[in-house]
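Raw contents of run-v4.txt, compact mmCIF, all heavy atoms:
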```txt
# COMPACT_ATOMS: atom_id res chain seq x y z
N MET A 1 6.22 43.98 30.38
CA MET A 1 6.44 44.19 28.96
C MET A 1 7.60 45.15 28.75
O MET A 1 8.39 44.97 27.83
CB MET A 1 5.14 44.73 28.35
CG MET A 1 5.05 44.58 26.88
SD MET A 1 4.97 42.87 26.38
CE MET A 1 5.84 42.94 24.89
N LYS A 2 7.71 46.13 29.64
CA LYS A 2 8.78 47.11 29.50
C LYS A 2 10.15 46.42 29.62
O LYS A 2 11.07 46.73 28.88
CB LYS A 2 8.63 48.18 30.57
CG LYS A 2 9.50 49.39 30.34
CD LYS A 2 9.45 50.38 31.49
CE LYS A 2 8.13 51.10 31.55
NZ LYS A 2 8.14 52.21 32.54
N ARG A 3 10.26 45.48 30.54
CA ARG A 3 11.53 44.74 30.70
C ARG A 3 11.84 43.92 29.46
O ARG A 3 13.00 43.83 29.04
CB ARG A 3 11.45 43.83 31.91
CG ARG A 3 11.49 44.56 33.20
CD ARG A 3 11.50 43.58 34.35
NE ARG A 3 11.25 44.29 35.57
CZ ARG A 3 10.53 43.84 36.57
NH1 ARG A 3 9.99 42.64 36.50
NH2 ARG A 3 10.35 44.55 37.65
N ARG A 4 10.82 43.31 28.90
CA ARG A 4 11.03 42.52 27.68
C ARG A 4 11.49 43.41 26.53
O ARG A 4 12.38 43.03 25.77
CB ARG A 4 9.74 41.79 27.28
CG ARG A 4 9.41 40.66 28.20
CD ARG A 4 8.12 40.00 27.76
NE ARG A 4 8.30 38.58 27.96
CZ ARG A 4 7.72 37.64 27.24
NH1 ARG A 4 6.89 37.97 26.28
NH2 ARG A 4 7.94 36.37 27.48
N PHE A 5 10.88 44.58 26.40
CA PHE A 5 11.29 45.50 25.34
C PHE A 5 12.73 45.96 25.51
O PHE A 5 13.47 46.07 24.55
CB PHE A 5 10.37 46.71 25.29
CG PHE A 5 9.09 46.49 24.53
CD1 PHE A 5 8.02 47.33 24.72
CD2 PHE A 5 8.95 45.45 23.63
CE1 PHE A 5 6.84 47.15 24.02
CE2 PHE A 5 7.78 45.25 22.93
CZ PHE A 5 6.73 46.10 23.13
N ARG A 6 13.12 46.23 26.74
CA ARG A 6 14.51 46.64 26.97
C ARG A 6 15.47 45.53 26.56
O ARG A 6 16.50 45.77 25.92
CB ARG A 6 14.72 46.99 28.43
CG ARG A 6 14.15 48.32 28.80
CD ARG A 6 14.60 48.72 30.20
NE ARG A 6 13.78 49.80 30.69
CZ ARG A 6 13.01 49.74 31.77
NH1 ARG A 6 12.98 48.66 32.51
NH2 ARG A 6 12.31 50.78 32.14
N ALA A 7 15.15 44.30 26.95
CA ALA A 7 16.01 43.16 26.60
C ALA A 7 16.03 42.95 25.09
O ALA A 7 17.10 42.69 24.50
CB ALA A 7 15.53 41.90 27.31
N LEU A 8 14.88 43.05 24.45
CA LEU A 8 14.82 42.90 22.99
C LEU A 8 15.64 43.98 22.30
O LEU A 8 16.38 43.70 21.34
CB LEU A 8 13.37 42.97 22.51
CG LEU A 8 12.50 41.76 22.77
CD1 LEU A 8 11.04 42.10 22.52
CD2 LEU A 8 12.94 40.59 21.91
N ALA A 9 15.53 45.20 22.78
CA ALA A 9 16.27 46.30 22.17
C ALA A 9 17.78 46.07 22.30
O ALA A 9 18.52 46.31 21.35
CB ALA A 9 15.88 47.62 22.83
N ARG A 10 18.24 45.60 23.46
CA ARG A 10 19.67 45.33 23.64
C ARG A 10 20.16 44.22 22.73
O ARG A 10 21.30 44.24 22.26
CB ARG A 10 19.94 44.93 25.10
CG ARG A 10 20.09 46.09 26.03
CD ARG A 10 20.64 45.64 27.36
NE ARG A 10 19.82 44.64 28.02
CZ ARG A 10 18.83 44.88 28.86
NH1 ARG A 10 18.54 46.12 29.17
NH2 ARG A 10 18.14 43.92 29.40
N GLU A 11 19.32 43.23 22.47
CA GLU A 11 19.73 42.08 21.66
C GLU A 11 19.60 42.32 20.16
O GLU A 11 20.47 41.92 19.38
CB GLU A 11 18.91 40.85 22.04
CG GLU A 11 19.23 40.30 23.41
CD GLU A 11 18.44 39.05 23.70
OE1 GLU A 11 18.16 38.27 22.78
OE2 GLU A 11 18.08 38.86 24.87
N VAL A 12 18.52 42.94 19.73
CA VAL A 12 18.18 43.00 18.30
C VAL A 12 18.65 44.29 17.64
O VAL A 12 19.20 44.27 16.53
CB VAL A 12 16.66 42.81 18.10
CG1 VAL A 12 16.29 42.98 16.64
CG2 VAL A 12 16.23 41.44 18.60
N LEU A 13 18.44 45.42 18.27
CA LEU A 13 18.69 46.70 17.61
C LEU A 13 20.15 46.97 17.24
O LEU A 13 20.39 47.56 16.18
CB LEU A 13 18.12 47.85 18.43
CG LEU A 13 16.59 47.85 18.54
CD1 LEU A 13 16.12 49.05 19.34
CD2 LEU A 13 15.93 47.82 17.18
N PRO A 14 21.14 46.56 18.03
CA PRO A 14 22.52 46.83 17.60
C PRO A 14 22.88 46.20 16.25
O PRO A 14 23.64 46.76 15.47
CB PRO A 14 23.36 46.23 18.71
CG PRO A 14 22.49 46.26 19.90
CD PRO A 14 21.10 46.01 19.38
N GLU A 15 22.31 45.05 15.94
CA GLU A 15 22.65 44.39 14.67
C GLU A 15 21.61 44.62 13.58
O GLU A 15 21.94 44.63 12.41
CB GLU A 15 22.85 42.90 14.90
CG GLU A 15 21.69 42.22 15.60
CD GLU A 15 22.07 40.90 16.22
OE1 GLU A 15 23.14 40.81 16.82
OE2 GLU A 15 21.27 39.97 16.08
N SER A 16 20.34 44.84 13.96
CA SER A 16 19.28 44.94 12.96
C SER A 16 18.63 46.31 12.88
O SER A 16 17.88 46.58 11.94
CB SER A 16 18.19 43.91 13.25
OG SER A 16 18.70 42.61 13.21
N GLY A 17 18.88 47.15 13.86
CA GLY A 17 18.25 48.47 13.88
C GLY A 17 18.87 49.42 12.88
O GLY A 17 19.92 49.15 12.29
N ILE A 18 18.23 50.54 12.69
CA ILE A 18 18.73 51.56 11.76
C ILE A 18 19.55 52.57 12.58
O ILE A 18 19.02 53.21 13.48
CB ILE A 18 17.54 52.26 11.07
CG1 ILE A 18 16.74 51.24 10.27
CG2 ILE A 18 18.04 53.39 10.17
CD1 ILE A 18 15.43 51.77 9.74
N PRO A 19 20.84 52.69 12.28
CA PRO A 19 21.70 53.61 13.05
C PRO A 19 21.20 55.05 12.99
O PRO A 19 20.81 55.54 11.94
CB PRO A 19 23.06 53.48 12.37
CG PRO A 19 23.02 52.18 11.66
CD PRO A 19 21.60 51.98 11.25
N GLY A 20 21.17 55.69 14.14
CA GLY A 20 20.75 57.08 14.22
C GLY A 20 19.25 57.29 14.25
O GLY A 20 18.80 58.42 14.40
N ALA A 21 18.48 56.23 14.12
CA ALA A 21 17.02 56.35 14.11
C ALA A 21 16.45 56.06 15.50
O ALA A 21 17.05 55.33 16.28
CB ALA A 21 16.41 55.38 13.10
N ASP A 22 15.31 56.63 15.78
CA ASP A 22 14.58 56.30 17.00
C ASP A 22 13.69 55.11 16.69
O ASP A 22 13.04 55.08 15.64
CB ASP A 22 13.71 57.46 17.46
CG ASP A 22 14.53 58.64 17.96
OD1 ASP A 22 15.66 58.42 18.44
OD2 ASP A 22 14.04 59.78 17.87
N HIS A 23 13.69 54.14 17.57
CA HIS A 23 12.86 52.95 17.40
C HIS A 23 11.78 52.97 18.48
O HIS A 23 12.10 53.05 19.66
CB HIS A 23 13.70 51.68 17.52
CG HIS A 23 14.75 51.58 16.46
ND1 HIS A 23 15.93 52.28 16.52
CD2 HIS A 23 14.78 50.88 15.31
CE1 HIS A 23 16.65 51.99 15.46
NE2 HIS A 23 15.97 51.15 14.69
N VAL A 24 10.53 52.91 18.08
CA VAL A 24 9.40 52.97 19.00
C VAL A 24 8.74 51.59 19.02
O VAL A 24 8.30 51.09 17.99
CB VAL A 24 8.38 54.04 18.57
CG1 VAL A 24 7.20 54.06 19.52
CG2 VAL A 24 9.05 55.40 18.51
N LEU A 25 8.69 51.01 20.20
CA LEU A 25 8.05 49.71 20.37
C LEU A 25 6.77 49.92 21.17
O LEU A 25 6.78 50.55 22.22
CB LEU A 25 8.97 48.75 21.12
CG LEU A 25 10.36 48.55 20.51
CD1 LEU A 25 11.19 47.65 21.39
CD2 LEU A 25 10.24 47.97 19.11
N ILE A 26 5.67 49.38 20.66
CA ILE A 26 4.38 49.53 21.31
C ILE A 26 3.92 48.16 21.76
O ILE A 26 3.76 47.25 20.94
CB ILE A 26 3.35 50.17 20.36
CG1 ILE A 26 3.83 51.55 19.94
CG2 ILE A 26 1.99 50.25 21.03
CD1 ILE A 26 2.98 52.19 18.87
N GLY A 27 3.72 48.01 23.04
CA GLY A 27 3.29 46.72 23.60
C GLY A 27 1.78 46.60 23.65
O GLY A 27 1.08 47.56 23.95
N ARG A 28 1.31 45.44 23.37
CA ARG A 28 -0.11 45.13 23.48
C ARG A 28 -0.32 44.24 24.71
O ARG A 28 0.62 43.63 25.21
CB ARG A 28 -0.60 44.39 22.22
CG ARG A 28 -0.36 45.15 20.94
CD ARG A 28 -1.32 46.30 20.81
NE ARG A 28 -1.14 46.94 19.51
CZ ARG A 28 -1.13 48.23 19.35
NH1 ARG A 28 -1.29 49.03 20.36
NH2 ARG A 28 -0.94 48.76 18.16
N GLY A 29 -1.53 44.15 25.15
CA GLY A 29 -1.84 43.38 26.35
C GLY A 29 -1.42 41.92 26.27
O GLY A 29 -0.96 41.34 27.25
N SER A 30 -1.54 41.33 25.11
CA SER A 30 -1.22 39.91 24.96
C SER A 30 0.28 39.67 24.78
O SER A 30 0.73 38.53 24.78
CB SER A 30 -1.96 39.32 23.76
OG SER A 30 -1.58 39.98 22.57
N GLY A 31 1.06 40.73 24.65
CA GLY A 31 2.49 40.59 24.41
C GLY A 31 3.24 39.92 25.54
O GLY A 31 4.20 39.20 25.32
N ILE A 32 2.79 40.12 26.76
CA ILE A 32 3.47 39.54 27.91
C ILE A 32 3.32 38.03 27.94
O ILE A 32 4.16 37.32 28.50
CB ILE A 32 2.98 40.20 29.23
CG1 ILE A 32 3.94 39.92 30.37
CG2 ILE A 32 1.58 39.76 29.57
CD1 ILE A 32 5.25 40.62 30.25
N GLU A 33 2.28 37.52 27.32
CA GLU A 33 2.03 36.07 27.30
C GLU A 33 2.76 35.38 26.15
O GLU A 33 2.86 34.16 26.14
CB GLU A 33 0.53 35.81 27.19
CG GLU A 33 -0.25 36.38 28.34
CD GLU A 33 -1.74 36.41 28.09
OE1 GLU A 33 -2.17 35.97 27.00
OE2 GLU A 33 -2.48 36.87 28.96
N ARG A 34 3.26 36.13 25.21
CA ARG A 34 3.92 35.56 24.03
C ARG A 34 5.32 35.08 24.39
O ARG A 34 5.97 35.61 25.27
CB ARG A 34 4.01 36.59 22.91
CG ARG A 34 2.66 37.18 22.60
CD ARG A 34 2.16 37.15 21.22
NE ARG A 34 2.88 36.45 20.25
CZ ARG A 34 3.35 37.00 19.14
NH1 ARG A 34 3.19 38.28 18.92
NH2 ARG A 34 3.96 36.28 18.25
N ASP A 35 5.78 34.11 23.65
CA ASP A 35 7.11 33.56 23.84
C ASP A 35 8.15 34.62 23.46
O ASP A 35 8.02 35.29 22.44
CB ASP A 35 7.27 32.31 22.97
CG ASP A 35 8.58 31.61 23.21
OD1 ASP A 35 8.89 31.35 24.39
OD2 ASP A 35 9.28 31.31 22.23
N TYR A 36 9.20 34.73 24.27
CA TYR A 36 10.23 35.74 24.05
C TYR A 36 10.93 35.53 22.71
O TYR A 36 11.22 36.49 22.00
CB TYR A 36 11.25 35.70 25.19
CG TYR A 36 12.31 36.75 25.08
CD1 TYR A 36 12.06 38.05 25.48
CD2 TYR A 36 13.57 36.44 24.58
CE1 TYR A 36 13.03 39.03 25.38
CE2 TYR A 36 14.54 37.41 24.47
CZ TYR A 36 14.27 38.70 24.87
OH TYR A 36 15.23 39.66 24.76
N ALA A 37 11.17 34.29 22.34
CA ALA A 37 11.84 34.00 21.07
C ALA A 37 11.00 34.47 19.89
O ALA A 37 11.54 34.96 18.89
CB ALA A 37 12.13 32.50 20.95
N ASP A 38 9.69 34.34 20.00
CA ASP A 38 8.80 34.82 18.93
C ASP A 38 8.86 36.34 18.81
O ASP A 38 8.91 36.89 17.71
CB ASP A 38 7.35 34.39 19.19
CG ASP A 38 7.14 32.89 19.02
OD1 ASP A 38 7.99 32.24 18.37
OD2 ASP A 38 6.13 32.38 19.54
N LEU A 39 8.84 37.02 19.96
CA LEU A 39 8.93 38.48 19.94
C LEU A 39 10.25 38.93 19.32
O LEU A 39 10.28 39.88 18.52
CB LEU A 39 8.81 39.04 21.36
CG LEU A 39 7.46 38.92 22.03
CD1 LEU A 39 7.56 39.36 23.48
CD2 LEU A 39 6.41 39.72 21.30
N LYS A 40 11.32 38.25 19.67
CA LYS A 40 12.65 38.60 19.14
C LYS A 40 12.69 38.40 17.63
O LYS A 40 13.18 39.26 16.89
CB LYS A 40 13.71 37.75 19.82
CG LYS A 40 15.11 38.10 19.42
CD LYS A 40 16.12 37.26 20.19
CE LYS A 40 17.53 37.55 19.73
NZ LYS A 40 18.51 36.74 20.45
N ALA A 41 12.14 37.29 17.15
CA ALA A 41 12.13 37.02 15.72
C ALA A 41 11.28 38.05 14.97
O ALA A 41 11.66 38.51 13.88
CB ALA A 41 11.60 35.61 15.46
N GLU A 42 10.16 38.44 15.54
CA GLU A 42 9.29 39.41 14.90
C GLU A 42 9.93 40.80 14.85
O GLU A 42 9.80 41.51 13.86
CB GLU A 42 7.94 39.47 15.61
CG GLU A 42 7.12 38.22 15.38
CD GLU A 42 5.83 38.22 16.16
OE1 GLU A 42 5.48 39.25 16.78
OE2 GLU A 42 5.16 37.19 16.16
N LEU A 43 10.65 41.17 15.90
CA LEU A 43 11.33 42.47 15.90
C LEU A 43 12.46 42.48 14.86
O LEU A 43 12.60 43.46 14.13
CB LEU A 43 11.89 42.80 17.29
CG LEU A 43 12.64 44.12 17.41
CD1 LEU A 43 11.77 45.30 16.98
CD2 LEU A 43 13.16 44.31 18.83
N ALA A 44 13.20 41.40 14.78
CA ALA A 44 14.28 41.31 13.78
C ALA A 44 13.69 41.38 12.37
O ALA A 44 14.24 42.05 11.49
CB ALA A 44 15.07 40.04 13.98
N LYS A 45 12.58 40.71 12.16
CA LYS A 45 11.91 40.72 10.85
C LYS A 45 11.41 42.13 10.51
O LYS A 45 11.57 42.60 9.37
CB LYS A 45 10.73 39.74 10.85
CG LYS A 45 10.02 39.63 9.55
CD LYS A 45 8.89 38.63 9.64
CE LYS A 45 8.08 38.59 8.36
NZ LYS A 45 6.96 37.65 8.46
N ALA A 46 10.86 42.83 11.48
CA ALA A 46 10.36 44.19 11.25
C ALA A 46 11.52 45.13 10.93
O ALA A 46 11.40 45.98 10.04
CB ALA A 46 9.59 44.68 12.47
N CYS A 47 12.63 44.99 11.63
CA CYS A 47 13.80 45.83 11.36
C CYS A 47 14.35 45.57 9.97
O CYS A 47 14.74 46.50 9.26
CB CYS A 47 14.88 45.59 12.41
SG CYS A 47 14.50 46.31 14.00
N ALA A 48 14.38 44.31 9.56
CA ALA A 48 14.86 43.96 8.22
C ALA A 48 13.95 44.55 7.15
O ALA A 48 14.43 45.04 6.12
CB ALA A 48 14.95 42.46 8.07
N LYS A 49 12.67 44.55 7.41
CA LYS A 49 11.71 45.10 6.46
C LYS A 49 11.90 46.62 6.32
O LYS A 49 11.82 47.17 5.23
CB LYS A 49 10.30 44.79 6.93
CG LYS A 49 9.22 45.10 5.95
CD LYS A 49 7.88 44.60 6.48
CE LYS A 49 6.78 44.88 5.51
NZ LYS A 49 5.47 44.41 5.99
N LEU A 50 12.19 47.28 7.43
CA LEU A 50 12.42 48.74 7.40
C LEU A 50 13.71 49.09 6.68
O LEU A 50 13.80 50.14 6.05
CB LEU A 50 12.47 49.30 8.82
CG LEU A 50 11.15 49.37 9.55
CD1 LEU A 50 11.38 49.78 11.00
CD2 LEU A 50 10.22 50.34 8.87
N ALA A 51 14.71 48.23 6.77
CA ALA A 51 16.00 48.51 6.18
C ALA A 51 15.95 48.43 4.65
O ALA A 51 16.81 49.00 3.98
CB ALA A 51 17.05 47.54 6.72
N ARG A 52 14.96 47.76 4.10
CA ARG A 52 14.86 47.63 2.64
C ARG A 52 14.50 48.89 1.96
O ARG A 52 14.12 49.84 2.15
CB ARG A 52 13.81 46.60 2.26
CG ARG A 52 14.29 45.21 2.49
CD ARG A 52 13.33 44.22 1.88
NE ARG A 52 12.82 43.40 2.99
CZ ARG A 52 11.62 42.92 3.06
NH1 ARG A 52 10.74 43.17 2.14
NH2 ARG A 52 11.25 42.16 4.06
```
Using structure tokens, write down the structure from this file.
Amino acid sequence: MKRRFRALAREVLPESGIPGADHVLIGRGSGIERDYADLKAELAKACAKLAR
């Protein structure tokens, strides 16, 4: 899960994250079984919601 979070952070946070903010990602046990594309879409959606 840690590797997935690192990859997600590299892909999503530069364009959707909040500059200067700390982003905390919390993994759940079932997260490793989820599709990577779904995780990426959900992180982008969460970042967009925070930016509003």
Inset, instruction - Based on DSSP run over this structure's backbone, return all residues of segment 3-48 of chain A in helix (DSSP H, G or I), as number ranges by chain. - result: A: 3-16, 29-33, 36-48
Legend entry - Who sits within 6 Å of segment 26-29 of chain A, all atoms listed in the file, same chain under 4 positions skipped, as a ChimeraX atom specification: /A:1,5,33
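Taking atom CB of Asp38 of chain A as the reference point, atom CG of His23 of chain A is found at 18.9 Å.
With only C-alpha atoms as the atoms that count, the minimum distance from Lys2 of chain A to the choices A:Ile32, A:Ala48, A:Leu43, A:Ala37 is reached by A:Ile32.
What separates atom CG of Leu39 of chain A from atom CA of Leu8 of chain A is a distance of 8.4 Å.
Interatomic distance, atom CA of Gly31 of chain A against atom CA of Arg52 of chain A: 26.0 Å.
If all atoms listed in the file are the atoms counted, then among A:Tyr36, A:Lys45, A:Asp22, A:Ser30 the closest residue to Ala9 of chain A is A:Tyr36.
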Could the centre and edge lengths of an axis-aligned box, enclosing all atoms of segment 11-14 of chain A in the file with 6 Å extra on each side, be given in Å to one decimal as AutoDock Vina command-line options?
```
--center_x 19.8 --center_y 43.7 --center_z 20.2 --size_x 19.7 --size_y 22.8 --size_z 21.4
```
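Nearest residue to Ser16 of chain A, choosing from A:Arg3, A:Cys47, A:Ala41, A:Asp35 and counting all heavy atoms: A:Cys47.
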